[in-house]
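Structure file entry_32.tsv; described as TSV, C-alpha atoms and all ligand atoms.
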```tsv
chain	number	residue	atom	x	y	z
A	4	MET	CA	-18.93	-1.24	17.22
A	5	THR	CA	-16.00	-3.53	17.88
A	6	GLU	CA	-16.54	-5.83	20.87
A	7	ARG	CA	-13.66	-5.81	23.32
A	8	PRO	CA	-12.60	-9.08	24.90
A	9	MET	CA	-12.67	-8.42	28.66
A	10	ASP	CA	-8.99	-8.75	29.45
A	11	ARG	CA	-7.61	-6.56	26.66
A	12	ALA	CA	-6.92	-2.84	26.49
A	13	GLU	CA	-8.61	-0.50	24.02
A	14	ILE	CA	-7.20	2.03	21.59
A	15	GLY	CA	-9.41	4.78	20.17
A	16	VAL	CA	-9.19	5.20	16.39
A	17	GLY	CA	-9.99	8.27	14.30
A	18	LEU	CA	-10.17	7.64	10.54
A	19	VAL	CA	-10.01	10.34	7.88
A	20	GLY	CA	-11.74	9.42	4.61
A	21	TYR	CA	-14.66	7.13	3.90
A	22	ARG	CA	-14.46	6.21	0.25
A	23	PHE	CA	-12.67	3.12	-1.12
A	24	MET	CA	-9.82	3.04	1.41
A	25	GLY	CA	-11.90	4.42	4.27
A	26	ARG	CA	-14.34	1.54	3.79
A	27	ALA	CA	-11.54	-1.04	3.56
A	28	HIS	CA	-9.88	0.28	6.74
A	29	SER	CA	-13.20	0.51	8.63
A	30	ASN	CA	-13.88	-3.13	7.83
A	31	ALA	CA	-10.41	-4.04	9.11
A	32	TYR	CA	-10.91	-2.28	12.47
A	33	ARG	CA	-14.30	-4.01	12.82
A	34	GLN	CA	-12.98	-7.49	12.06
A	35	VAL	CA	-9.48	-7.66	13.48
A	36	ALA	CA	-10.24	-8.53	17.12
A	37	ARG	CA	-12.81	-11.10	16.04
A	38	PHE	CA	-10.18	-13.19	14.23
A	39	PHE	CA	-6.85	-12.31	15.87
A	40	ASP	CA	-5.79	-11.95	19.51
A	41	VAL	CA	-4.88	-8.30	19.26
A	42	ASP	CA	-4.18	-6.19	22.32
A	43	PRO	CA	-5.09	-3.33	22.31
A	44	VAL	CA	-8.44	-3.81	20.62
A	45	PRO	CA	-9.46	-0.95	18.31
A	46	ARG	CA	-12.43	1.15	19.33
A	47	MET	CA	-13.93	2.88	16.29
A	48	VAL	CA	-14.36	6.30	17.88
A	49	ALA	CA	-14.76	8.77	15.01
A	50	LEU	CA	-14.83	9.01	11.25
A	51	CYS	CA	-13.73	12.37	9.84
A	52	GLY	CA	-14.80	14.15	6.65
A	53	ARG	CA	-15.85	17.65	5.60
A	54	ASN	CA	-19.35	16.94	4.30
A	55	GLU	CA	-21.47	16.45	7.42
A	56	ALA	CA	-24.39	14.60	5.86
A	57	ALA	CA	-22.06	12.23	4.00
A	58	VAL	CA	-19.72	11.55	6.94
A	59	ARG	CA	-22.63	10.99	9.33
A	60	ASP	CA	-24.14	8.48	6.95
A	61	ALA	CA	-20.78	6.75	6.32
A	62	ALA	CA	-20.03	6.57	10.08
A	63	ARG	CA	-23.35	4.84	10.69
A	64	ARG	CA	-22.94	2.39	7.80
A	65	LEU	CA	-19.31	1.53	8.56
A	66	GLY	CA	-19.78	1.08	12.31
A	67	TRP	CA	-18.18	4.20	13.81
A	68	GLU	CA	-19.42	5.54	17.16
A	69	GLY	CA	-19.40	9.11	15.91
A	70	TYR	CA	-17.92	11.55	13.44
A	71	GLU	CA	-16.05	14.82	13.15
A	72	THR	CA	-16.14	17.37	10.34
A	73	ASN	CA	-13.02	19.16	11.48
A	74	TYR	CA	-9.61	17.48	11.53
A	75	GLU	CA	-8.21	19.67	14.32
A	76	ARG	CA	-11.14	18.67	16.47
A	77	LEU	CA	-10.37	14.99	15.79
A	78	LEU	CA	-6.79	15.51	16.97
A	79	GLU	CA	-7.94	17.25	20.15
A	80	ARG	CA	-9.93	14.22	21.24
A	81	GLU	CA	-8.29	12.38	24.10
A	82	ASP	CA	-10.25	9.23	23.38
A	83	VAL	CA	-8.43	8.96	20.01
A	84	GLN	CA	-4.85	7.66	20.14
A	85	LEU	CA	-4.48	6.30	16.60
A	86	ILE	CA	-5.09	8.38	13.47
A	87	ASP	CA	-5.67	6.62	10.17
A	88	ILE	CA	-5.19	8.77	7.06
A	89	SER	CA	-7.16	7.33	4.14
A	90	SER	CA	-7.84	10.63	2.37
A	91	ALA	CA	-6.41	11.96	-0.92
A	92	GLY	CA	-2.63	12.10	-1.41
A	93	ASP	CA	-2.31	15.88	-1.07
A	94	THR	CA	-3.61	15.70	2.53
A	95	HIS	CA	-1.20	13.04	3.82
A	96	CYS	CA	1.71	15.26	4.81
A	97	GLU	CA	-0.30	17.94	6.58
A	98	PHE	CA	-2.55	15.46	8.38
A	99	ALA	CA	0.24	13.07	9.39
A	100	VAL	CA	2.57	15.79	10.69
A	101	ALA	CA	-0.29	17.34	12.74
A	102	ALA	CA	-1.29	13.93	14.14
A	103	LEU	CA	2.29	13.10	15.11
A	104	GLU	CA	2.71	16.51	16.74
A	105	ALA	CA	-0.46	15.78	18.71
A	106	GLY	CA	1.24	12.61	20.02
A	107	LYS	CA	-0.88	10.11	18.08
A	108	HIS	CA	0.12	6.87	16.39
A	109	VAL	CA	-0.39	7.14	12.61
A	110	LEU	CA	-1.33	4.72	9.83
A	111	CYS	CA	-1.10	6.47	6.45
A	112	GLU	CA	-2.37	5.18	3.10
A	113	LYS	CA	0.12	4.80	0.25
A	114	PRO	CA	1.90	6.46	-1.38
A	115	LEU	CA	3.21	8.10	1.79
A	116	ALA	CA	3.45	11.53	0.19
A	117	ASN	CA	3.19	13.43	-3.08
A	118	SER	CA	6.83	14.51	-3.10
A	119	LEU	CA	10.20	13.66	-1.59
A	120	ASP	CA	10.16	16.86	0.42
A	121	GLU	CA	6.79	15.99	1.99
A	122	ALA	CA	7.96	12.43	2.75
A	123	ARG	CA	11.06	13.83	4.51
A	124	ARG	CA	8.94	16.16	6.62
A	125	MET	CA	6.76	13.22	7.63
A	126	VAL	CA	9.76	11.11	8.62
A	127	GLU	CA	11.19	13.97	10.67
A	128	ALA	CA	7.85	14.46	12.46
A	129	ALA	CA	7.67	10.71	13.13
A	130	ARG	CA	11.17	10.73	14.65
A	131	ARG	CA	10.30	13.67	16.89
A	132	ALA	CA	7.01	12.10	18.00
A	133	GLY	CA	8.36	8.67	18.87
A	134	THR	CA	4.89	7.16	18.42
A	135	VAL	CA	4.21	4.25	16.06
A	136	ASN	CA	3.93	4.96	12.33
A	137	MET	CA	3.17	2.74	9.35
A	138	VAL	CA	2.36	3.08	5.66
A	139	CYS	CA	-0.55	0.98	4.40
A	140	HIS	CA	1.00	-1.08	1.61
A	141	ASN	CA	-1.52	-3.84	2.10
A	142	TYR	CA	-0.10	-6.23	-0.52
A	143	ARG	CA	2.86	-7.01	1.72
A	144	ARG	CA	0.30	-8.76	3.88
A	145	VAL	CA	-1.16	-11.14	1.34
A	146	PRO	CA	-0.28	-14.60	2.77
A	147	ALA	CA	1.18	-15.71	-0.60
A	148	VAL	CA	3.45	-12.63	-0.66
A	149	ARG	CA	4.61	-13.40	2.88
A	150	LEU	CA	5.34	-16.96	1.77
A	151	ALA	CA	7.33	-15.57	-1.18
A	152	LYS	CA	9.36	-13.50	1.28
A	153	ARG	CA	10.08	-16.56	3.37
A	154	LEU	CA	11.24	-18.59	0.36
A	155	VAL	CA	13.57	-15.77	-0.73
A	156	LYS	CA	14.92	-15.39	2.80
A	157	GLU	CA	15.50	-19.13	3.21
A	158	GLY	CA	17.58	-19.08	0.00
A	159	ARG	CA	15.21	-21.43	-1.85
A	160	LEU	CA	15.62	-19.32	-4.99
A	161	GLY	CA	19.39	-18.99	-4.63
A	162	GLU	CA	20.95	-15.69	-5.65
A	163	ILE	CA	18.22	-13.27	-6.80
A	164	ARG	CA	18.83	-12.07	-10.35
A	165	HIS	CA	15.56	-10.85	-11.85
A	166	TRP	CA	12.50	-8.91	-10.65
A	167	ARG	CA	9.68	-8.42	-13.17
A	168	ALA	CA	6.52	-6.58	-12.12
A	169	VAL	CA	3.43	-5.01	-13.63
A	170	TYR	CA	0.34	-3.36	-12.17
A	171	LEU	CA	-2.24	-3.04	-14.93
A	172	GLN	CA	-5.87	-1.90	-14.70
A	173	ASP	CA	-8.47	-0.59	-17.14
A	174	TRP	CA	-10.36	2.12	-15.27
A	175	LEU	CA	-8.89	4.96	-17.39
A	176	LEU	CA	-9.38	3.24	-20.74
A	177	ASP	CA	-12.64	5.08	-21.36
A	178	PRO	CA	-11.70	8.62	-22.54
A	179	GLU	CA	-14.86	9.81	-20.78
A	180	ALA	CA	-13.59	8.53	-17.40
A	181	PRO	CA	-13.57	11.65	-15.21
A	182	LEU	CA	-10.54	13.73	-14.31
A	183	THR	CA	-10.31	12.69	-10.66
A	184	TRP	CA	-7.79	14.01	-8.12
A	185	ARG	CA	-5.40	11.20	-9.04
A	186	LEU	CA	-4.88	12.70	-12.52
A	187	ARG	CA	-3.79	16.19	-11.41
A	188	ARG	CA	-0.21	16.78	-10.27
A	189	GLU	CA	-1.21	19.08	-7.37
A	190	THR	CA	-3.45	16.43	-5.79
A	191	GLY	CA	-2.24	13.12	-7.22
A	192	GLY	CA	1.55	13.69	-7.18
A	193	ALA	CA	3.18	11.45	-9.78
A	194	GLY	CA	-0.21	9.92	-10.81
A	195	PRO	CA	-0.36	6.17	-11.61
A	196	LEU	CA	3.43	5.93	-11.31
A	197	ALA	CA	2.94	6.70	-7.61
A	198	ASP	CA	-0.54	5.23	-7.13
A	199	LEU	CA	0.24	1.83	-8.67
A	200	GLY	CA	4.02	2.01	-8.92
A	201	SER	CA	4.50	2.60	-5.18
A	202	HIS	CA	2.96	-0.82	-4.52
A	203	LEU	CA	5.45	-2.48	-6.86
A	204	VAL	CA	8.42	-0.56	-5.49
A	205	ASP	CA	7.38	-1.43	-1.94
A	206	LEU	CA	7.11	-5.12	-2.87
A	207	ALA	CA	10.46	-5.02	-4.69
A	208	HIS	CA	12.15	-3.41	-1.66
A	209	TYR	CA	10.52	-5.99	0.60
A	210	LEU	CA	11.31	-9.06	-1.50
A	211	VAL	CA	14.55	-8.21	-3.32
A	212	GLY	CA	16.14	-5.23	-1.53
A	213	PRO	CA	16.94	-1.55	-2.08
A	214	ILE	CA	16.78	-0.15	-5.62
A	215	ALA	CA	19.95	1.73	-6.54
A	216	GLU	CA	19.17	3.32	-9.92
A	217	VAL	CA	16.40	3.61	-12.48
A	218	ILE	CA	15.59	4.73	-16.01
A	219	GLY	CA	12.01	5.29	-17.09
A	220	THR	CA	9.63	6.19	-19.87
A	221	ALA	CA	6.05	7.45	-19.54
A	222	GLU	CA	3.10	8.68	-21.56
A	223	THR	CA	-0.29	10.36	-21.27
A	224	PHE	CA	-2.63	9.00	-23.93
A	225	VAL	CA	-5.82	10.92	-23.11
A	226	ARG	CA	-4.83	14.51	-22.38
A	227	GLU	CA	-8.27	16.02	-21.70
A	228	ARG	CA	-10.97	14.39	-19.61
A	229	PRO	CA	-14.37	15.53	-18.35
A	230	LEU	CA	-14.28	17.18	-14.92
A	231	PRO	CA	-16.24	15.25	-12.25
A	232	SER	CA	-18.94	17.99	-12.47
A	233	GLY	CA	-19.42	16.88	-16.10
A	234	ASP	CA	-19.90	20.36	-17.60
A	235	ARG	CA	-16.32	20.98	-18.89
A	236	THR	CA	-13.12	19.12	-19.60
A	237	GLY	CA	-9.76	19.60	-17.89
A	238	GLU	CA	-6.15	18.70	-18.57
A	239	VAL	CA	-4.54	15.50	-17.28
A	240	THR	CA	-1.31	16.77	-15.71
A	241	VAL	CA	0.32	13.47	-14.71
A	242	ASN	CA	1.70	10.60	-16.77
A	243	GLU	CA	-1.07	8.05	-17.17
A	244	ALA	CA	1.25	5.11	-17.81
A	245	ALA	CA	4.91	4.46	-17.05
A	246	ALA	CA	7.58	1.79	-17.29
A	247	PHE	CA	11.08	1.68	-15.86
A	248	LEU	CA	14.16	-0.47	-15.52
A	249	ALA	CA	15.97	-0.79	-12.21
A	250	ARG	CA	19.24	-2.04	-10.80
A	251	PHE	CA	19.14	-3.26	-7.20
A	252	GLU	CA	21.96	-2.72	-4.72
A	253	ASN	CA	22.46	-6.51	-4.52
A	254	GLY	CA	23.10	-6.75	-8.26
A	255	ALA	CA	19.66	-7.98	-9.36
A	256	ILE	CA	17.97	-6.23	-12.30
A	257	GLY	CA	14.28	-5.39	-12.56
A	258	THR	CA	11.46	-4.16	-14.78
A	259	PHE	CA	8.31	-2.29	-13.72
A	260	GLU	CA	5.25	-1.27	-15.73
A	261	VAL	CA	2.08	0.49	-14.55
A	262	SER	CA	-0.98	1.54	-16.50
A	263	PRO	CA	-4.70	1.97	-15.85
A	264	LEU	CA	-5.39	1.93	-19.62
A	265	VAL	CA	-5.03	-1.76	-20.38
A	266	PRO	CA	-8.12	-3.48	-21.84
A	267	GLY	CA	-9.12	-6.57	-19.90
A	268	ARG	CA	-6.77	-6.02	-16.98
A	269	LYS	CA	-8.63	-5.25	-13.75
A	270	ALA	CA	-6.19	-5.59	-10.86
A	271	HIS	CA	-3.37	-7.39	-12.63
A	272	GLU	CA	-0.63	-6.85	-10.11
A	273	TYR	CA	1.90	-9.48	-11.08
A	274	PHE	CA	5.48	-10.08	-10.07
A	275	GLU	CA	8.02	-12.75	-10.79
A	276	ILE	CA	11.35	-13.32	-9.09
A	277	ASN	CA	14.05	-15.49	-10.65
A	278	GLY	CA	17.08	-16.66	-8.76
A	279	SER	CA	19.94	-19.04	-9.50
A	280	ARG	CA	17.97	-22.01	-8.07
A	281	GLY	CA	14.33	-21.22	-8.63
A	282	SER	CA	11.52	-18.84	-9.52
A	283	ILE	CA	8.30	-17.60	-7.93
A	284	ALA	CA	5.36	-15.74	-9.45
A	285	PHE	CA	2.33	-14.01	-7.93
A	286	ASP	CA	-0.81	-12.49	-9.46
A	287	LEU	CA	-3.17	-10.47	-7.27
A	288	GLU	CA	-6.16	-11.69	-9.27
A	289	ARG	CA	-5.29	-15.18	-7.95
A	290	MET	CA	-4.12	-13.97	-4.58
A	291	ASN	CA	-4.46	-17.26	-2.71
A	292	GLU	CA	-1.86	-18.89	-4.93
A	293	LEU	CA	1.90	-18.72	-5.32
A	294	GLN	CA	3.56	-20.23	-8.39
A	295	VAL	CA	6.92	-21.82	-7.57
A	296	TYR	CA	9.65	-23.58	-9.50
A	297	PHE	CA	12.68	-25.18	-7.86
A	298	GLU	CA	15.64	-26.38	-9.94
A	299	ASP	CA	16.48	-29.13	-7.43
A	300	GLU	CA	13.20	-30.92	-8.12
A	301	GLY	CA	14.82	-32.09	-11.37
A	302	PRO	CA	13.39	-32.42	-14.87
A	303	TYR	CA	11.35	-35.60	-14.42
A	304	THR	CA	8.54	-34.24	-12.20
A	305	GLY	CA	9.83	-30.70	-11.76
A	306	GLY	CA	8.10	-27.69	-13.27
A	307	PHE	CA	6.15	-24.64	-12.17
A	308	ARG	CA	3.53	-25.64	-9.65
A	309	ARG	CA	0.88	-23.85	-7.63
A	310	ILE	CA	0.86	-23.65	-3.85
A	311	LEU	CA	-2.60	-22.93	-2.48
A	312	VAL	CA	-1.68	-20.63	0.40
A	313	THR	CA	-4.52	-21.49	2.76
A	314	GLU	CA	-2.92	-23.84	5.30
A	315	PRO	CA	-2.84	-22.80	8.97
A	316	GLU	CA	0.98	-22.95	8.68
A	317	HIS	CA	0.86	-20.15	6.09
A	318	PRO	CA	1.22	-16.55	7.32
A	319	TYR	CA	-1.97	-15.09	8.89
A	320	MET	CA	-4.07	-18.10	7.86
A	321	GLU	CA	-4.41	-19.52	11.36
A	322	GLY	CA	-6.84	-16.64	12.01
A	323	TRP	CA	-9.21	-17.59	9.18
A	324	TRP	CA	-10.83	-20.70	7.72
A	325	PRO	CA	-9.99	-24.42	7.36
A	326	PRO	CA	-7.51	-25.24	4.53
A	327	GLY	CA	-8.73	-24.54	1.01
A	328	HIS	CA	-11.16	-21.81	2.07
A	329	THR	CA	-9.75	-18.77	0.35
A	330	ILE	CA	-9.52	-15.19	1.59
A	331	GLY	CA	-9.85	-11.89	-0.30
A	332	TYR	CA	-8.67	-8.33	-0.81
A	333	GLU	CA	-10.24	-7.00	2.40
A	334	HIS	CA	-8.26	-9.46	4.52
A	335	THR	CA	-5.00	-7.74	3.57
A	336	PHE	CA	-6.20	-4.67	5.48
A	337	VAL	CA	-7.18	-6.77	8.50
A	338	HIS	CA	-3.62	-8.18	8.52
A	339	THR	CA	-2.21	-4.66	8.23
A	340	VAL	CA	-4.22	-3.47	11.22
A	341	LYS	CA	-3.30	-6.60	13.18
A	342	ASP	CA	0.41	-5.91	12.68
A	343	LEU	CA	-0.09	-2.23	13.46
A	344	LEU	CA	-1.75	-3.10	16.80
A	345	ASP	CA	1.03	-5.59	17.59
A	346	GLY	CA	3.50	-2.78	16.83
A	347	ILE	CA	1.70	-0.39	19.14
A	348	ARG	CA	1.80	-2.98	21.90
A	349	ALA	CA	5.54	-3.54	21.35
A	350	GLY	CA	6.28	0.18	20.89
A	351	GLU	CA	7.81	-0.49	17.45
A	352	SER	CA	6.71	0.79	14.05
A	353	PRO	CA	5.91	-2.15	11.76
A	354	ALA	CA	7.30	-2.14	8.23
A	355	PRO	CA	6.68	-0.42	5.95
A	356	THR	CA	7.41	2.51	8.25
A	357	PHE	CA	7.43	6.15	7.16
A	358	GLU	CA	11.16	5.65	6.50
A	359	ASP	CA	10.31	2.82	4.10
A	360	GLY	CA	7.70	5.11	2.53
A	361	LEU	CA	10.41	7.74	2.02
A	362	ARG	CA	12.69	5.15	0.37
A	363	CYS	CA	9.82	4.22	-1.94
A	364	GLN	CA	9.20	7.91	-2.72
A	365	ALA	CA	12.89	8.32	-3.55
A	366	VAL	CA	12.51	5.69	-6.28
A	367	ILE	CA	9.38	7.35	-7.73
A	368	ASP	CA	11.22	10.68	-7.64
A	369	ALA	CA	14.27	9.18	-9.39
A	370	VAL	CA	12.05	7.70	-12.13
A	371	GLU	CA	10.49	11.12	-12.70
A	372	ARG	CA	13.92	12.75	-12.88
A	373	SER	CA	15.08	10.11	-15.34
A	374	LEU	CA	12.15	11.04	-17.62
A	375	GLY	CA	13.47	14.60	-17.77
A	376	GLU	CA	17.15	13.66	-18.03
A	377	ARG	CA	16.50	10.73	-20.41
A	378	GLY	CA	19.11	8.65	-18.60
A	379	TRP	CA	19.87	6.49	-15.54
A	380	VAL	CA	19.30	8.24	-12.20
A	381	SER	CA	20.50	7.15	-8.76
A	382	THR	CA	17.85	6.90	-6.06
A	383	GLY	CA	20.31	8.48	-3.62
A	384	ARG	CA	22.24	6.14	-1.39
A	385	ASN	CA	20.41	6.94	1.79
A	386	PRO	CA	17.28	9.07	1.38
A	387	VAL	CA	16.43	8.38	5.02
A	401	LIG	C1	-6.55	2.67	-8.13
A	401	LIG	O1	-5.61	2.63	-9.10
A	401	LIG	C2	-6.29	1.73	-6.95
A	401	LIG	O2	-7.42	1.80	-6.13
A	401	LIG	C3	-5.05	2.10	-6.12
A	401	LIG	O3	-5.18	3.38	-5.58
A	401	LIG	C4	-4.83	1.08	-5.03
A	401	LIG	O4	-3.70	1.38	-4.28
A	401	LIG	C5	-4.68	-0.26	-5.69
A	401	LIG	O5	-4.39	-1.21	-4.74
A	401	LIG	C6	-5.91	-0.60	-6.46
A	401	LIG	O6	-6.13	0.40	-7.42
```

Whole structure, structure tokens version:
Amino acid sequence: MTERPMDRAEIGVGLVGYRFMGRAHSNAYRQVARFFDVDPVPRMVALCGRNEAAVRDAARRLGWEGYETNYERLLEREDVQLIDISSAGDTHCEFAVAALEAGKHVLCEKPLANSLDEARRMVEAARRAGTVNMVCHNYRRVPAVRLAKRLVKEGRLGEIRHWRAVYLQDWLLDPEAPLTWRLRRETGGAGPLADLGSHLVDLAHYLVGPIAEVIGTAETFVRERPLPSGDRTGEVTVNEAAAFLARFENGAIGTFEVSPLVPGRKAHEYFEINGSRGSIAFDLERMNELQVYFEDEGPYTGGFRRILVTEPEHPYMEGWWPPGHTIGYEHTFVHTVKDLLDGIRAGESPAPTFEDGLRCQAVIDAVERSLGERGWVSTGRNPV
């Protein structure tokens, strides 16, 4: 259970889902008040899942006071004011709209929705509710990514011209890797284009600005995979890998590539930004570092160099360890929850909000349309 510093208020949390993301979010609620001065302090009231034995066990292991097996029941609880949706993509819209209608604050895992229509319904519900909403795009809250944002904003790179991003993994390389919910259109939406691509689009929107138009290509290399039960195979109904070009509203141009079928790449989320006066590059597998190059350093000692982003002056780092002591993947969720709690205190939804999630969905949707039309597609000037 989270300990509450005496002088701070509490907020009851109900979390749906207890697998990869559920575990990451649980850890964040447990840790946040121990390292940051948040107010309110999260109280881990209930974990929610359908399988009673499994959710009971997960609640105990992850530090929740109790559990619920029925989502409606979770929403009825007056000791829960914040709902965290870390379940599969096809549940996001229904769960988020119901939570907002019940007057709760909502944190929703990415991608916000499985379709543009769902994302719009979620934004409308959020506007009606007036509570705080946020999409969990945790990579915005890597200290090195925050530093990149600051350098762009300060004009250290000059006019931004190029964005180049990939998110490559290898978990689908094995043709015997099971047909999970992420590989079926009805549950996984646009598949890896949304699962991995939404992270890149969110980062591009954050660091460069709105994407105006796109043109994409995509492929499914392994069309049949064993069902999780193991006794039969089923069809993969999403594109397994995708790439697209983009033009930003500010005139920059960009490339994006996502694939979970790349030998040797584990979590190779990499982006590079090139401006008229400098460049920066980030790789998630070396997440405590930011590569920078500044033209004004001149040719004699200039060149790409590495900033180790662990100084107390760097974003979020004052909460952690002395300089040089690196942080990891799980910390990005602690930072997300910290900013969410600050937002709840201020009565303002922290970015990325559901509206940002809708803008991101509009890009994914435009890429999918471009695959059918085999041409450039506008993201729609104002999807929000
Ligand atoms: C699987 O591709 C996955 O777990 C994504 O769903 C996450 O969003 C990404 O951060 C890591 O990879």

>> Counting all atoms listed in the file, what are the residues, protein, DNA or RNA alike, that approach ligand LIG 401 (chain A) to within 12 Å? I want them as a PyMOL selection string.
In response: chain A and resi 22-25+27+89-92+112-115+138-143+170-175+183-186+191+194-203+205+243-244+261-264+268-272+287-288+332-333+335-336

> Given the choices A:Gly322, A:Gly106, A:Pro386, A:Gly17, which gets closest to Gly360 (chain A) if the distance is worked out from only C-alpha atoms?
Replying inline: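 Counting only C-alpha atoms, the residue closest to Gly360 (chain A) is A:Pro386.
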
>> Give me the residues near Val380 (chain A) as a list in words, where near means some atom within 7 Å (using only C-alpha atoms) and where sequence neighbours in that chain fewer than 4 positions away do not count.
In response: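 Within the cut-off, the hits are Glu216, Val217, Ile218, Ala369 and Ser373 of chain A.
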
>> Here is a test: counting all atoms listed in the file, which residue of A:Leu77, A:Val135, A:Leu160, A:Leu65 is nearest to Asp299 (chain A)?
In response: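 The answer is A:Leu160, which sits nearest to Asp299 (chain A).
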
> Which residues come within 9 Å of Ile86 (chain A), counting only C-alpha atoms, excluding same-chain residues fewer than 5 positions away, as a list of chain:residue names?
Replying inline: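 Contacts, in chain order: A:Gly15, A:Val16, A:Gly17, A:Leu18, A:Val19, A:Leu77, A:Leu78, A:Ala99, A:Ala102, A:Leu103, A:Lys107, A:His108, A:Val109, A:Leu110, A:Cys111.
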
>> Using only C-alpha atoms for the distances, tell me which of A:Ala354, A:Ile256, A:Ile283, A:Leu248 is nearest to Gly219 (chain A).
In response: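 Closest to Gly219 (chain A), using only C-alpha atoms: A:Leu248.
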
> For the point (2.3, 18.8, 17.5) in file coordinates, what residues are within 12 Å, counting all atoms listed in the file? Give the answer as a ChimeraX atom specification?
Replying inline: /A:75,78-79,97-107,128-129,131-134

>> So, with only C-alpha atoms as the atoms that count, which of A:Val211, A:Leu119, A:Ile330, A:Val41 lies closest to Leu361 (chain A)?
In response: A:Leu119

>> When you count all atoms listed in the file, which of these residues is closest to Val241 (chain A): A:Arg80, A:Arg188, A:Arg289, A:His317?
In response: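 Ranked by minimum distance to Val241 (chain A), first place goes to A:Arg188.
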
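For the set A:Glu298, A:Glu314, A:Glu260, A:Asp286, the residue with the smallest atom-to-atom gap to Val370 (chain A) is A:Glu260, counting only C-alpha atoms.
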
Working from the structure I just supplied, which lacks atoms in region 336-350 of chain A, can you model N, CA and C atoms there and output them as a PDB file, keeping the file's coordinate frame?
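Saved file result08.pdb follows:
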```pdb
ATOM      1  N   PHE A 336      -6.124  -5.833   4.590  1.00  0.00           N
ATOM      2  CA  PHE A 336      -6.200  -4.670   5.480  1.00  0.00           C
ATOM      3  C   PHE A 336      -6.366  -5.123   6.933  1.00  0.00           C
ATOM      4  N   VAL A 337      -7.066  -6.224   7.135  1.00  0.00           N
ATOM      5  CA  VAL A 337      -7.180  -6.770   8.500  1.00  0.00           C
ATOM      6  C   VAL A 337      -5.782  -7.148   8.998  1.00  0.00           C
ATOM      7  N   HIS A 338      -4.988  -7.784   8.128  1.00  0.00           N
ATOM      8  CA  HIS A 338      -3.620  -8.180   8.520  1.00  0.00           C
ATOM      9  C   HIS A 338      -2.773  -6.946   8.808  1.00  0.00           C
ATOM     10  N   THR A 339      -2.965  -5.895   8.014  1.00  0.00           N
ATOM     11  CA  THR A 339      -2.210  -4.660   8.230  1.00  0.00           C
ATOM     12  C   THR A 339      -2.527  -4.088   9.610  1.00  0.00           C
ATOM     13  N   VAL A 340      -3.815  -4.029   9.930  1.00  0.00           N
ATOM     14  CA  VAL A 340      -4.220  -3.470  11.220  1.00  0.00           C
ATOM     15  C   VAL A 340      -3.759  -4.372  12.365  1.00  0.00           C
ATOM     16  N   LYS A 341      -3.796  -5.665  12.152  1.00  0.00           N
ATOM     17  CA  LYS A 341      -3.300  -6.600  13.180  1.00  0.00           C
ATOM     18  C   LYS A 341      -1.834  -6.280  13.499  1.00  0.00           C
ATOM     19  N   ASP A 342      -1.017  -6.165  12.457  1.00  0.00           N
ATOM     20  CA  ASP A 342       0.410  -5.910  12.680  1.00  0.00           C
ATOM     21  C   ASP A 342       0.641  -4.523  13.271  1.00  0.00           C
ATOM     22  N   LEU A 343      -0.198  -3.575  12.883  1.00  0.00           N
ATOM     23  CA  LEU A 343      -0.090  -2.230  13.460  1.00  0.00           C
ATOM     24  C   LEU A 343      -0.360  -2.288  14.974  1.00  0.00           C
ATOM     25  N   LEU A 344      -1.410  -2.995  15.363  1.00  0.00           N
ATOM     26  CA  LEU A 344      -1.750  -3.100  16.800  1.00  0.00           C
ATOM     27  C   LEU A 344      -0.664  -3.840  17.562  1.00  0.00           C
ATOM     28  N   ASP A 345      -0.101  -4.884  16.947  1.00  0.00           N
ATOM     29  CA  ASP A 345       1.030  -5.590  17.590  1.00  0.00           C
ATOM     30  C   ASP A 345       2.198  -4.617  17.770  1.00  0.00           C
ATOM     31  N   GLY A 346       2.419  -3.771  16.754  1.00  0.00           N
ATOM     32  CA  GLY A 346       3.500  -2.780  16.830  1.00  0.00           C
ATOM     33  C   GLY A 346       3.263  -1.776  17.945  1.00  0.00           C
ATOM     34  N   ILE A 347       2.026  -1.352  18.078  1.00  0.00           N
ATOM     35  CA  ILE A 347       1.700  -0.390  19.140  1.00  0.00           C
ATOM     36  C   ILE A 347       1.946  -1.026  20.508  1.00  0.00           C
ATOM     37  N   ARG A 348       1.577  -2.273  20.632  1.00  0.00           N
ATOM     38  CA  ARG A 348       1.800  -2.980  21.900  1.00  0.00           C
ATOM     39  C   ARG A 348       3.309  -3.074  22.202  1.00  0.00           C
ATOM     40  N   ALA A 349       4.088  -3.362  21.154  1.00  0.00           N
ATOM     41  CA  ALA A 349       5.540  -3.540  21.350  1.00  0.00           C
ATOM     42  C   ALA A 349       6.285  -2.200  21.359  1.00  0.00           C
ATOM     43  N   GLY A 350       5.600  -1.118  20.964  1.00  0.00           N
ATOM     44  CA  GLY A 350       6.280   0.180  20.890  1.00  0.00           C
ATOM     45  C   GLY A 350       7.229   0.266  19.704  1.00  0.00           C
TER      46      GLY A 350
END
```
